Amino acid sequence: MSENLLETLSVLILLSSFVLMANKRISSYIKSFRIQSMLIALAAGVMGVRSLLDEGRWDILIICILIVVLKVIYIPGLLNRTYASVRYKVEKDFILNIPILVLVCCGLVIFSYFTLVTIDGSSQGMSNMQLVNSVSVIWIGLFFMISRKKALGQIIGFLVIENGLYITAMLATQGMPFIVDLGIFIDLVTFVLIMGMLTFRINDQFDSIDTDQLNNLKG
Amino acid sequence: MKDCTPGRIGNEAMNSIAYIIIQLIVILLAAPLVGGLIKKVKALTQKRKGAPVLQMYFDLYKLLQKTSVVSEVSSWIYKAAPYIVFATALTAALLVPVSTKIVPVLIPGDFIMLVSILALGRFFMMAAALDTGSTFGGMGSSREAMISSLIEPSILVTLFTVGLLSGSTSLPRIMQTVQVTGFPLAHPVYMMVGLALLIIIIAETSRIPVDDPSTHLELTMVHEAMILEYSGRHLALLEYGAAVKQLVFITLFVNLFIPHDQLIPFMGFGAVILSLLLYLLKVVLMAVVIALIEVNTVKFKLFSIPNLAALSFILAFLGILQFFILGGYHV
């Protein structure tokens, strides 16, 4: 039962990164990131309940609450505040148009399937094959980051990579050590705070959050 | 496959003929109702009273009384098209069972047949719209050609995915397999494919994000532009054909993703009636869902439709990929 639920959740997490890729409004980026984090918190909750019943461990449930507080409430709130203060609300110039971006993402899923299927033992358990979905989220996050030109989009791309890494680690190891998770979260908060401030600075200097304009700094 | 050799009509073959008749009656009677229901729900959400649910029956009756006006310059295609469209829609309806207790026609390679039969009807509709040489007809045909060529791959991938899951290309067999899956929409593969099929239904039945069925505004119309030249009996047949096609797609969706026949433990005539009632309930639910989607979205501009089609194709494709990723197991 919980295995089936995790499978469904891993598919939904993959789908939410596709939704992110198909959007062009920065507010929708934040919304879909929030949904993805919510799904990850749900997956962590499922694993937490299972480990509590099986081994009596509380730590994954605590992690789940931390994800809700941090990634569902705090970071999207912070990004929304940054979004409210910049002028650009819609991403206009992509490197390719949206259907092609989404098709490339499909290719990335196939790519991660073919890379993971060659690892010994990965095709035995079904839970291991959920890895394909979560590794694809990392690839899509990376691709999102390079296909967007605005700083806020790139921050969200980074956060999606982080989400992907997190869900990969969680599904592969059935819950990481508590201290590692805490370290990751503290890193993440620091990153978002620094990037938020940096975005304000870029916006002040260039009247835009287009990172292409940083090229002007070259002498 | 049922054994019905010609010349010797056994009990089995009699049953099969009875099933075909039941299926046709259900589809023919329920098809105009769905459109009326969608319009009524839309009207109610906009605090209007709206036309009666049975309005389309009255319209069809009225249109059948009137003579058809045919342009002098038109060829036989113009006159044949309404009949072909209606006939293809009915044939398609025979391939999609309304309930797995009734299996009307069993042929190998079912859903490929379904898609090609509907494509045949669509081809004649587009050809007839071009036939009289009016500007609207040509515009409607070109738009329809674009939308259908974008949507068709995702229909096939969707149906192939559910076919892979049950190991058969025959729609009744697929639907029988779905019965034992439990609730398919909770299953990762079916979930993706179900969402893809929902987008396909919206695009195929000319619903609002893709086409606006209730206006005659030249900017938005696709289906309406193609049938603009028709009148009287021909128009009635085209409208009825479109309604039947819409019900075929809705039937496909509800019977693939919300199976109900395992709820009925007993066999026989009573089970068939109960099964049909449950089916009609599902169709009503689906009509309400489609109406709510239609109320909550806006009409896309024509060049945004490839985005929607890409989304639907990708959902279907991810579905087929999940089937392989999750181990390629049979449900």
# chains A, B, ... in the order shown; residues from 1 in each chain; ligands from 1
>>> interface_residues(of="chain A", to="chain B", cutoff="7 Å", atoms="only C-alpha atoms", output="number ranges by chain")
A: 7-8, 11, 99, 126, 129
>>> closest_residue(among="A:Phe111, A:Phe178, A:Phe185, A:Phe200", to="Ala151 of chain A", atoms="only C-alpha atoms")
A:Phe200
>>> closest_residue(among="B:Gly133, B:Gly270, B:Pro213, B:Pro153", to="Ala243 of chain B", atoms="only C-alpha atoms")
B:Pro213
>>> residues_around(residues="Leu252 of chain B", least_positions_apart="2", cutoff="10 Å", atoms="only C-alpha atoms", output="VMD selection string")
chain B and resid 93 95 to 98 159 171 175 197 201 246 to 250 254 to 258
>>> select_by_dssp(residues="segment 53-114 of chain B", states="alpha helix (DSSP H)", output="count of residues only")
36
>>> atom_distance(atom1="atom CA of Leu195 of chain B", atom2="atom CA of Leu276 of chain B")
24.6 Å
>>> residues_around(residues="Leu214 of chain A", least_positions_apart="2", cutoff="12 Å", atoms="only C-alpha atoms", output="mmCIF file with C-alpha atoms, in the first residue's frame")
data_model
loop_
_atom_site.group_PDB
_atom_site.id
_atom_site.type_symbol
_atom_site.label_atom_id
_atom_site.label_comp_id
_atom_site.auth_asym_id
_atom_site.auth_seq_id
_atom_site.Cartn_x
_atom_site.Cartn_y
_atom_site.Cartn_z
ATOM 1 C CA LYS A 149 16.924 34.092 -18.174
ATOM 2 C CA LYS A 150 15.395 35.807 -15.177
ATOM 3 C CA ALA A 151 17.085 35.470 -11.791
ATOM 4 C CA THR A 199 18.075 39.495 -6.881
ATOM 5 C CA ARG A 201 20.692 44.059 -5.958
ATOM 6 C CA ILE A 202 20.475 42.962 -9.615
ATOM 7 C CA ASN A 203 17.048 44.602 -9.841
ATOM 8 C CA GLN A 205 21.407 47.985 -10.594
ATOM 9 C CA PHE A 206 19.839 47.004 -13.906
ATOM 10 C CA ASP A 207 16.123 47.778 -13.433
ATOM 11 C CA SER A 208 15.498 44.148 -14.422
ATOM 12 C CA ILE A 209 16.252 40.676 -13.149
ATOM 13 C CA ASP A 210 17.462 39.441 -16.513
ATOM 14 C CA THR A 211 20.792 37.801 -15.784
ATOM 15 C CA ASP A 212 21.892 38.251 -19.388
ATOM 16 C CA ASN A 216 27.466 44.314 -19.474
ATOM 17 C CA LEU A 217 29.801 44.166 -16.510
ATOM 18 C CA LYS A 218 32.560 42.796 -18.701
ATOM 19 C CA GLY A 219 35.171 45.449 -19.326
#
>>> closest_residue(among="A:Cys64, A:Ile186, A:Ile98, A:Met195", to="Ile156 of chain A", atoms="only C-alpha atoms")
A:Met195
>>> atom_distance(atom1="atom CA of Met125 of chain B", atom2="atom CA of Val288 of chain B")
28.3 Å
>>> residues_around(residues="Ser148 of chain B", least_positions_apart="3", cutoff="10 Å", atoms="only C-alpha atoms", output="ChimeraX atom specification")
/B:119,122,142-145,151-153,200,203-204,309
>>> write_last_selection(atoms="N, CA, C and O atoms", output="CSV table (one decimal), in the first residue's frame")
chain,number,residue,atom,x,y,z
B,119,ALA,N,-11.4,9.4,-38.0
B,119,ALA,CA,-10.6,10.3,-38.9
B,119,ALA,C,-11.3,10.3,-40.3
B,119,ALA,O,-11.2,11.4,-40.9
B,122,ARG,N,-14.0,12.8,-40.1
B,122,ARG,CA,-13.5,14.1,-40.0
B,122,ARG,C,-13.0,14.6,-41.4
B,122,ARG,O,-13.2,15.7,-41.8
B,142,SER,N,-9.0,24.2,-42.2
B,142,SER,CA,-7.6,24.3,-42.0
B,142,SER,C,-7.3,24.2,-40.5
B,142,SER,O,-6.4,23.5,-40.0
B,143,ARG,N,-8.2,24.9,-39.7
B,143,ARG,CA,-8.1,24.8,-38.2
B,143,ARG,C,-8.3,23.4,-37.7
B,143,ARG,O,-7.5,22.9,-36.9
B,144,GLU,N,-9.3,22.8,-38.2
B,144,GLU,CA,-9.6,21.4,-37.8
B,144,GLU,C,-8.5,20.5,-38.1
B,144,GLU,O,-8.1,19.6,-37.3
B,145,ALA,N,-7.9,20.7,-39.3
B,145,ALA,CA,-6.8,19.8,-39.7
B,145,ALA,C,-5.6,20.0,-38.8
B,145,ALA,O,-5.0,19.0,-38.3
B,151,ILE,N,-3.7,16.4,-32.1
B,151,ILE,CA,-4.3,15.6,-31.1
B,151,ILE,C,-4.2,14.1,-31.3
B,151,ILE,O,-4.1,13.3,-30.4
B,152,GLU,N,-4.2,13.7,-32.6
B,152,GLU,CA,-4.3,12.3,-33.0
B,152,GLU,C,-3.1,11.5,-32.4
B,152,GLU,O,-3.4,10.4,-31.9
B,153,PRO,N,-1.8,11.9,-32.4
B,153,PRO,CA,-0.8,11.1,-31.8
B,153,PRO,C,-1.1,10.8,-30.4
B,153,PRO,O,-0.8,9.7,-29.9
B,200,ILE,N,-7.7,15.3,-24.4
B,200,ILE,CA,-8.1,14.9,-25.7
B,200,ILE,C,-9.6,15.1,-25.9
B,200,ILE,O,-10.1,15.6,-26.9
B,203,ALA,N,-10.4,18.6,-26.6
B,203,ALA,CA,-10.1,19.1,-27.9
B,203,ALA,C,-11.0,18.5,-28.9
B,203,ALA,O,-11.4,19.1,-29.9
B,204,GLU,N,-11.3,17.2,-28.8
B,204,GLU,CA,-12.0,16.5,-29.8
B,204,GLU,C,-13.5,16.9,-29.8
B,204,GLU,O,-14.1,16.8,-30.9
B,309,ALA,N,-1.8,20.5,-26.8
B,309,ALA,CA,-1.7,19.2,-27.5
B,309,ALA,C,-0.3,18.6,-27.0
B,309,ALA,O,-0.3,17.4,-26.8
>>> residues_around(residues="segment 278-287 of chain B", least_positions_apart="2", cutoff="10 Å", atoms="only C-alpha atoms", output="PyMOL selection string")
chain B and resi 26+30-31+33-39+41+98-99+247+250-251+253-255+258-261+263-264+272-276+289-293
>>> write_last_selection(atoms="N, CA, C and O atoms", output="short mmCIF file (atom, residue, chain, number, x, y, z; two decimals), in the first residue's frame")
data_model
loop_
_atom_site.label_atom_id
_atom_site.label_comp_id
_atom_site.auth_asym_id
_atom_site.auth_seq_id
_atom_site.Cartn_x
_atom_site.Cartn_y
_atom_site.Cartn_z
N VAL B 26 -28.98 3.12 -26.48
CA VAL B 26 -28.46 3.91 -25.36
C VAL B 26 -27.67 5.12 -25.87
O VAL B 26 -27.88 6.25 -25.44
N ALA B 30 -28.88 8.95 -25.47
CA ALA B 30 -28.17 9.74 -24.46
C ALA B 30 -27.33 10.85 -25.06
O ALA B 30 -27.04 11.84 -24.39
N ALA B 31 -26.94 10.70 -26.35
CA ALA B 31 -25.98 11.65 -26.92
C ALA B 31 -26.43 13.12 -26.86
O ALA B 31 -25.67 13.96 -26.39
N LEU B 33 -28.46 14.45 -24.93
CA LEU B 33 -28.66 14.84 -23.54
C LEU B 33 -27.39 15.44 -22.94
O LEU B 33 -27.44 16.40 -22.17
N VAL B 34 -26.22 14.88 -23.33
CA VAL B 34 -24.95 15.31 -22.72
C VAL B 34 -24.70 16.78 -23.02
O VAL B 34 -24.38 17.56 -22.12
N GLY B 35 -24.89 17.15 -24.32
CA GLY B 35 -24.69 18.54 -24.68
C GLY B 35 -25.63 19.47 -23.93
O GLY B 35 -25.22 20.52 -23.43
N GLY B 36 -26.89 19.05 -23.81
CA GLY B 36 -27.87 19.85 -23.09
C GLY B 36 -27.50 20.01 -21.63
O GLY B 36 -27.64 21.09 -21.05
N LEU B 37 -26.99 18.92 -21.06
CA LEU B 37 -26.59 18.95 -19.64
C LEU B 37 -25.44 19.91 -19.42
O LEU B 37 -25.45 20.71 -18.47
N ILE B 38 -24.44 19.85 -20.34
CA ILE B 38 -23.29 20.74 -20.21
C ILE B 38 -23.75 22.19 -20.28
O ILE B 38 -23.35 23.03 -19.47
N LYS B 39 -24.66 22.48 -21.24
CA LYS B 39 -25.15 23.85 -21.39
C LYS B 39 -25.90 24.30 -20.14
O LYS B 39 -25.76 25.43 -19.68
N VAL B 41 -25.58 23.15 -16.99
CA VAL B 41 -24.67 23.38 -15.86
C VAL B 41 -23.95 24.71 -16.03
O VAL B 41 -23.81 25.49 -15.08
N VAL B 98 -20.68 0.37 -23.84
CA VAL B 98 -21.12 1.24 -22.75
C VAL B 98 -21.03 0.51 -21.41
O VAL B 98 -21.00 1.13 -20.36
N SER B 99 -20.98 -0.80 -21.45
CA SER B 99 -20.83 -1.55 -20.22
C SER B 99 -20.19 -2.88 -20.59
O SER B 99 -20.47 -3.42 -21.66
N LEU B 247 -20.16 11.65 -27.05
CA LEU B 247 -20.52 10.61 -26.09
C LEU B 247 -19.58 9.43 -26.19
O LEU B 247 -19.25 8.80 -25.18
N ILE B 250 -16.57 10.34 -24.19
CA ILE B 250 -16.88 10.32 -22.76
C ILE B 250 -17.01 8.88 -22.27
O ILE B 250 -16.51 8.52 -21.20
N THR B 251 -17.63 8.01 -23.08
CA THR B 251 -17.77 6.60 -22.72
C THR B 251 -16.40 5.96 -22.55
O THR B 251 -16.16 5.21 -21.60
N PHE B 253 -13.65 7.42 -21.75
CA PHE B 253 -13.02 7.88 -20.52
C PHE B 253 -13.63 7.21 -19.30
O PHE B 253 -12.92 6.63 -18.49
N VAL B 254 -14.96 7.24 -19.18
CA VAL B 254 -15.57 6.74 -17.95
C VAL B 254 -15.38 5.24 -17.81
O VAL B 254 -15.15 4.74 -16.72
N ASN B 255 -15.45 4.50 -18.93
CA ASN B 255 -15.32 3.06 -18.79
C ASN B 255 -13.88 2.61 -18.61
O ASN B 255 -13.62 1.54 -18.08
N ILE B 258 -13.15 4.87 -14.73
CA ILE B 258 -14.06 4.71 -13.57
C ILE B 258 -14.88 3.45 -13.81
O ILE B 258 -16.07 3.53 -14.06
N PRO B 259 -14.28 2.26 -13.73
CA PRO B 259 -15.05 1.05 -14.01
C PRO B 259 -16.10 0.82 -12.92
O PRO B 259 -15.90 1.18 -11.77
N HIS B 260 -17.23 0.26 -13.34
CA HIS B 260 -18.30 0.09 -12.35
C HIS B 260 -18.86 -1.34 -12.33
O HIS B 260 -19.59 -1.68 -11.43
N ASP B 261 -18.52 -2.17 -13.34
CA ASP B 261 -19.24 -3.43 -13.46
C ASP B 261 -18.91 -4.44 -12.37
O ASP B 261 -19.70 -5.35 -12.12
N LEU B 263 -19.07 -3.83 -9.42
CA LEU B 263 -19.98 -3.55 -8.30
C LEU B 263 -21.23 -4.42 -8.36
O LEU B 263 -21.94 -4.57 -7.38
N ILE B 264 -21.50 -4.99 -9.57
CA ILE B 264 -22.72 -5.78 -9.75
C ILE B 264 -22.35 -7.26 -9.72
O ILE B 264 -21.75 -7.77 -10.67
N VAL B 272 -27.66 -6.09 -16.54
CA VAL B 272 -27.44 -5.19 -17.69
C VAL B 272 -28.11 -3.85 -17.45
O VAL B 272 -27.52 -2.80 -17.66
N ILE B 273 -29.38 -3.91 -16.96
CA ILE B 273 -30.12 -2.65 -16.71
C ILE B 273 -29.41 -1.82 -15.66
O ILE B 273 -29.18 -0.61 -15.83
N LEU B 274 -29.01 -2.47 -14.56
CA LEU B 274 -28.33 -1.75 -13.47
C LEU B 274 -27.03 -1.14 -13.97
O LEU B 274 -26.69 0.01 -13.66
N SER B 275 -26.32 -1.94 -14.78
CA SER B 275 -25.04 -1.48 -15.32
C SER B 275 -25.24 -0.26 -16.20
O SER B 275 -24.48 0.71 -16.13
N LEU B 276 -26.32 -0.28 -17.03
CA LEU B 276 -26.58 0.87 -17.89
C LEU B 276 -26.92 2.11 -17.08
O LEU B 276 -26.50 3.22 -17.40
N VAL B 289 -18.36 17.63 -14.96
CA VAL B 289 -16.93 17.95 -14.86
C VAL B 289 -16.49 18.77 -16.06
O VAL B 289 -15.81 19.80 -15.93
N ILE B 290 -16.92 18.33 -17.26
CA ILE B 290 -16.52 19.06 -18.48
C ILE B 290 -17.08 20.48 -18.45
O ILE B 290 -16.38 21.44 -18.78
N ALA B 291 -18.34 20.61 -17.99
CA ALA B 291 -18.94 21.94 -17.92
C ALA B 291 -18.15 22.83 -16.96
O ALA B 291 -17.91 24.00 -17.24
N LEU B 292 -17.72 22.25 -15.83
CA LEU B 292 -16.99 23.06 -14.85
C LEU B 292 -15.63 23.48 -15.41
O LEU B 292 -15.18 24.61 -15.19
N ILE B 293 -14.97 22.55 -16.15
CA ILE B 293 -13.70 22.92 -16.78
C ILE B 293 -13.94 24.07 -17.75
O ILE B 293 -13.20 25.05 -17.79
#
>>> atom_distance(atom1="atom CA of Ile60 of chain A", atom2="atom CA of Leu142 of chain A")
26.7 Å
>>> residues_around(residues="Leu152 of chain A", least_positions_apart="5", cutoff="12 Å", atoms="only C-alpha atoms", output="number ranges by chain")
A: 24-30, 76, 78-91, 144-145, 157-159, 192, 195-200, 202-203, 208-211
>>> write_last_selection(atoms="N, CA, C and O atoms", output="short mmCIF file (atom, residue, chain, number, x, y, z; two decimals), in the first residue's frame")
data_model
loop_
_atom_site.label_atom_id
_atom_site.label_comp_id
_atom_site.auth_asym_id
_atom_site.auth_seq_id
_atom_site.Cartn_x
_atom_site.Cartn_y
_atom_site.Cartn_z
N LYS A 24 4.98 30.14 -17.94
CA LYS A 24 5.85 31.28 -18.22
C LYS A 24 5.63 32.44 -17.27
O LYS A 24 6.31 33.44 -17.37
N ARG A 25 4.71 32.31 -16.33
CA ARG A 25 4.55 33.36 -15.33
C ARG A 25 5.38 33.03 -14.11
O ARG A 25 5.37 31.89 -13.64
N ILE A 26 6.07 34.05 -13.59
CA ILE A 26 6.94 33.78 -12.44
C ILE A 26 6.12 33.39 -11.21
O ILE A 26 6.52 32.53 -10.44
N SER A 27 4.90 33.97 -11.10
CA SER A 27 4.06 33.57 -9.96
C SER A 27 3.65 32.11 -10.08
O SER A 27 3.52 31.42 -9.07
N SER A 28 3.49 31.60 -11.32
CA SER A 28 3.15 30.18 -11.48
C SER A 28 4.34 29.30 -11.15
O SER A 28 4.17 28.19 -10.67
N TYR A 29 5.56 29.80 -11.42
CA TYR A 29 6.75 29.04 -11.02
C TYR A 29 6.69 28.78 -9.52
O TYR A 29 6.90 27.66 -9.04
N ILE A 30 6.43 29.88 -8.78
CA ILE A 30 6.44 29.75 -7.32
C ILE A 30 5.34 28.80 -6.87
O ILE A 30 5.54 27.96 -6.00
N PRO A 76 8.64 29.81 -0.47
CA PRO A 76 7.73 30.43 -1.45
C PRO A 76 7.26 31.81 -1.03
O PRO A 76 7.12 32.71 -1.87
N LEU A 78 8.97 33.98 0.75
CA LEU A 78 10.11 34.86 0.49
C LEU A 78 10.19 35.21 -0.99
O LEU A 78 10.36 36.38 -1.37
N LEU A 79 10.04 34.16 -1.83
CA LEU A 79 10.12 34.39 -3.28
C LEU A 79 8.98 35.27 -3.74
O LEU A 79 9.17 36.13 -4.60
N ASN A 80 7.79 35.09 -3.15
CA ASN A 80 6.65 35.94 -3.51
C ASN A 80 6.92 37.39 -3.19
O ASN A 80 6.54 38.28 -3.94
N ARG A 81 7.59 37.62 -2.05
CA ARG A 81 7.90 39.01 -1.67
C ARG A 81 8.89 39.61 -2.67
O ARG A 81 8.76 40.76 -3.08
N THR A 82 9.88 38.80 -3.07
CA THR A 82 10.83 39.29 -4.07
C THR A 82 10.10 39.58 -5.38
O THR A 82 10.34 40.60 -6.02
N TYR A 83 9.18 38.67 -5.73
CA TYR A 83 8.43 38.78 -6.99
C TYR A 83 7.62 40.06 -7.01
O TYR A 83 7.51 40.74 -8.04
N ALA A 84 7.06 40.41 -5.82
CA ALA A 84 6.21 41.59 -5.77
C ALA A 84 7.01 42.86 -6.04
O ALA A 84 6.45 43.86 -6.50
N SER A 85 8.32 42.82 -5.79
CA SER A 85 9.09 44.05 -5.90
C SER A 85 9.79 44.21 -7.25
O SER A 85 10.35 45.26 -7.53
N VAL A 86 9.77 43.16 -8.10
CA VAL A 86 10.45 43.33 -9.39
C VAL A 86 9.43 43.63 -10.48
O VAL A 86 8.24 43.40 -10.31
N ARG A 87 9.94 44.17 -11.60
CA ARG A 87 9.02 44.64 -12.61
C ARG A 87 8.57 43.53 -13.54
O ARG A 87 7.48 43.57 -14.09
N TYR A 88 9.43 42.53 -13.76
CA TYR A 88 9.13 41.51 -14.76
C TYR A 88 8.27 40.41 -14.16
O TYR A 88 8.68 39.72 -13.24
N LYS A 89 7.05 40.25 -14.67
CA LYS A 89 6.14 39.24 -14.12
C LYS A 89 6.07 38.03 -15.03
O LYS A 89 5.69 36.96 -14.60
N VAL A 90 6.36 38.21 -16.30
CA VAL A 90 6.21 37.11 -17.26
C VAL A 90 7.54 36.91 -17.98
O VAL A 90 8.19 37.86 -18.39
N GLU A 91 7.93 35.63 -18.08
CA GLU A 91 9.14 35.29 -18.82
C GLU A 91 8.83 35.36 -20.31
O GLU A 91 7.86 34.75 -20.77
N PHE A 144 15.67 23.56 -16.46
CA PHE A 144 14.85 24.75 -16.18
C PHE A 144 15.76 25.94 -15.91
O PHE A 144 15.53 27.05 -16.38
N MET A 145 16.81 25.68 -15.13
CA MET A 145 17.72 26.75 -14.74
C MET A 145 18.40 27.36 -15.97
O MET A 145 18.56 28.58 -16.05
N GLY A 157 14.78 27.06 -10.35
CA GLY A 157 15.45 25.89 -10.94
C GLY A 157 16.37 25.22 -9.93
O GLY A 157 16.35 23.99 -9.78
N PHE A 158 17.13 26.05 -9.22
CA PHE A 158 18.04 25.48 -8.22
C PHE A 158 17.25 24.75 -7.13
O PHE A 158 17.61 23.64 -6.71
N LEU A 159 16.16 25.36 -6.69
CA LEU A 159 15.36 24.73 -5.64
C LEU A 159 14.76 23.42 -6.11
O LEU A 159 14.64 22.47 -5.33
N VAL A 192 18.78 30.62 -0.18
CA VAL A 192 17.63 31.41 -0.61
C VAL A 192 17.76 32.84 -0.12
O VAL A 192 17.47 33.80 -0.86
N MET A 195 20.39 34.52 -2.34
CA MET A 195 19.89 34.75 -3.70
C MET A 195 18.81 35.82 -3.72
O MET A 195 18.73 36.62 -4.65
N GLY A 196 17.97 35.84 -2.66
CA GLY A 196 16.93 36.86 -2.58
C GLY A 196 17.54 38.25 -2.56
O GLY A 196 17.15 39.15 -3.31
N MET A 197 18.57 38.40 -1.71
CA MET A 197 19.23 39.71 -1.63
C MET A 197 19.91 40.06 -2.95
O MET A 197 19.85 41.20 -3.42
N LEU A 198 20.55 39.04 -3.56
CA LEU A 198 21.25 39.26 -4.81
C LEU A 198 20.28 39.71 -5.90
O LEU A 198 20.59 40.60 -6.69
N THR A 199 19.08 39.10 -5.89
CA THR A 199 18.08 39.50 -6.88
C THR A 199 17.70 40.96 -6.70
O THR A 199 17.57 41.71 -7.67
N PHE A 200 17.52 41.37 -5.44
CA PHE A 200 17.21 42.78 -5.17
C PHE A 200 18.30 43.68 -5.73
O PHE A 200 18.04 44.71 -6.34
N ILE A 202 20.48 42.96 -8.15
CA ILE A 202 20.47 42.96 -9.61
C ILE A 202 19.36 43.88 -10.12
O ILE A 202 19.54 44.67 -11.04
N ASN A 203 18.19 43.79 -9.45
CA ASN A 203 17.05 44.60 -9.84
C ASN A 203 17.35 46.09 -9.67
O ASN A 203 16.99 46.91 -10.51
N SER A 208 16.04 45.38 -13.84
CA SER A 208 15.50 44.15 -14.42
C SER A 208 16.20 43.00 -13.71
O SER A 208 17.26 43.18 -13.13
N ILE A 209 15.56 41.81 -13.77
CA ILE A 209 16.25 40.68 -13.15
C ILE A 209 16.76 39.73 -14.22
O ILE A 209 17.01 38.57 -13.98
N ASP A 210 16.92 40.25 -15.44
CA ASP A 210 17.46 39.44 -16.51
C ASP A 210 18.96 39.26 -16.30
O ASP A 210 19.72 40.22 -16.29
N THR A 211 19.37 38.02 -16.10
CA THR A 211 20.79 37.80 -15.78
C THR A 211 21.69 37.96 -17.01
O THR A 211 22.90 38.06 -16.86
#
>>> closest_residue(among="B:Thr177, B:Thr45, B:Asn15, B:Thr91", to="Val295 of chain B", atoms="only C-alpha atoms")
B:Thr45
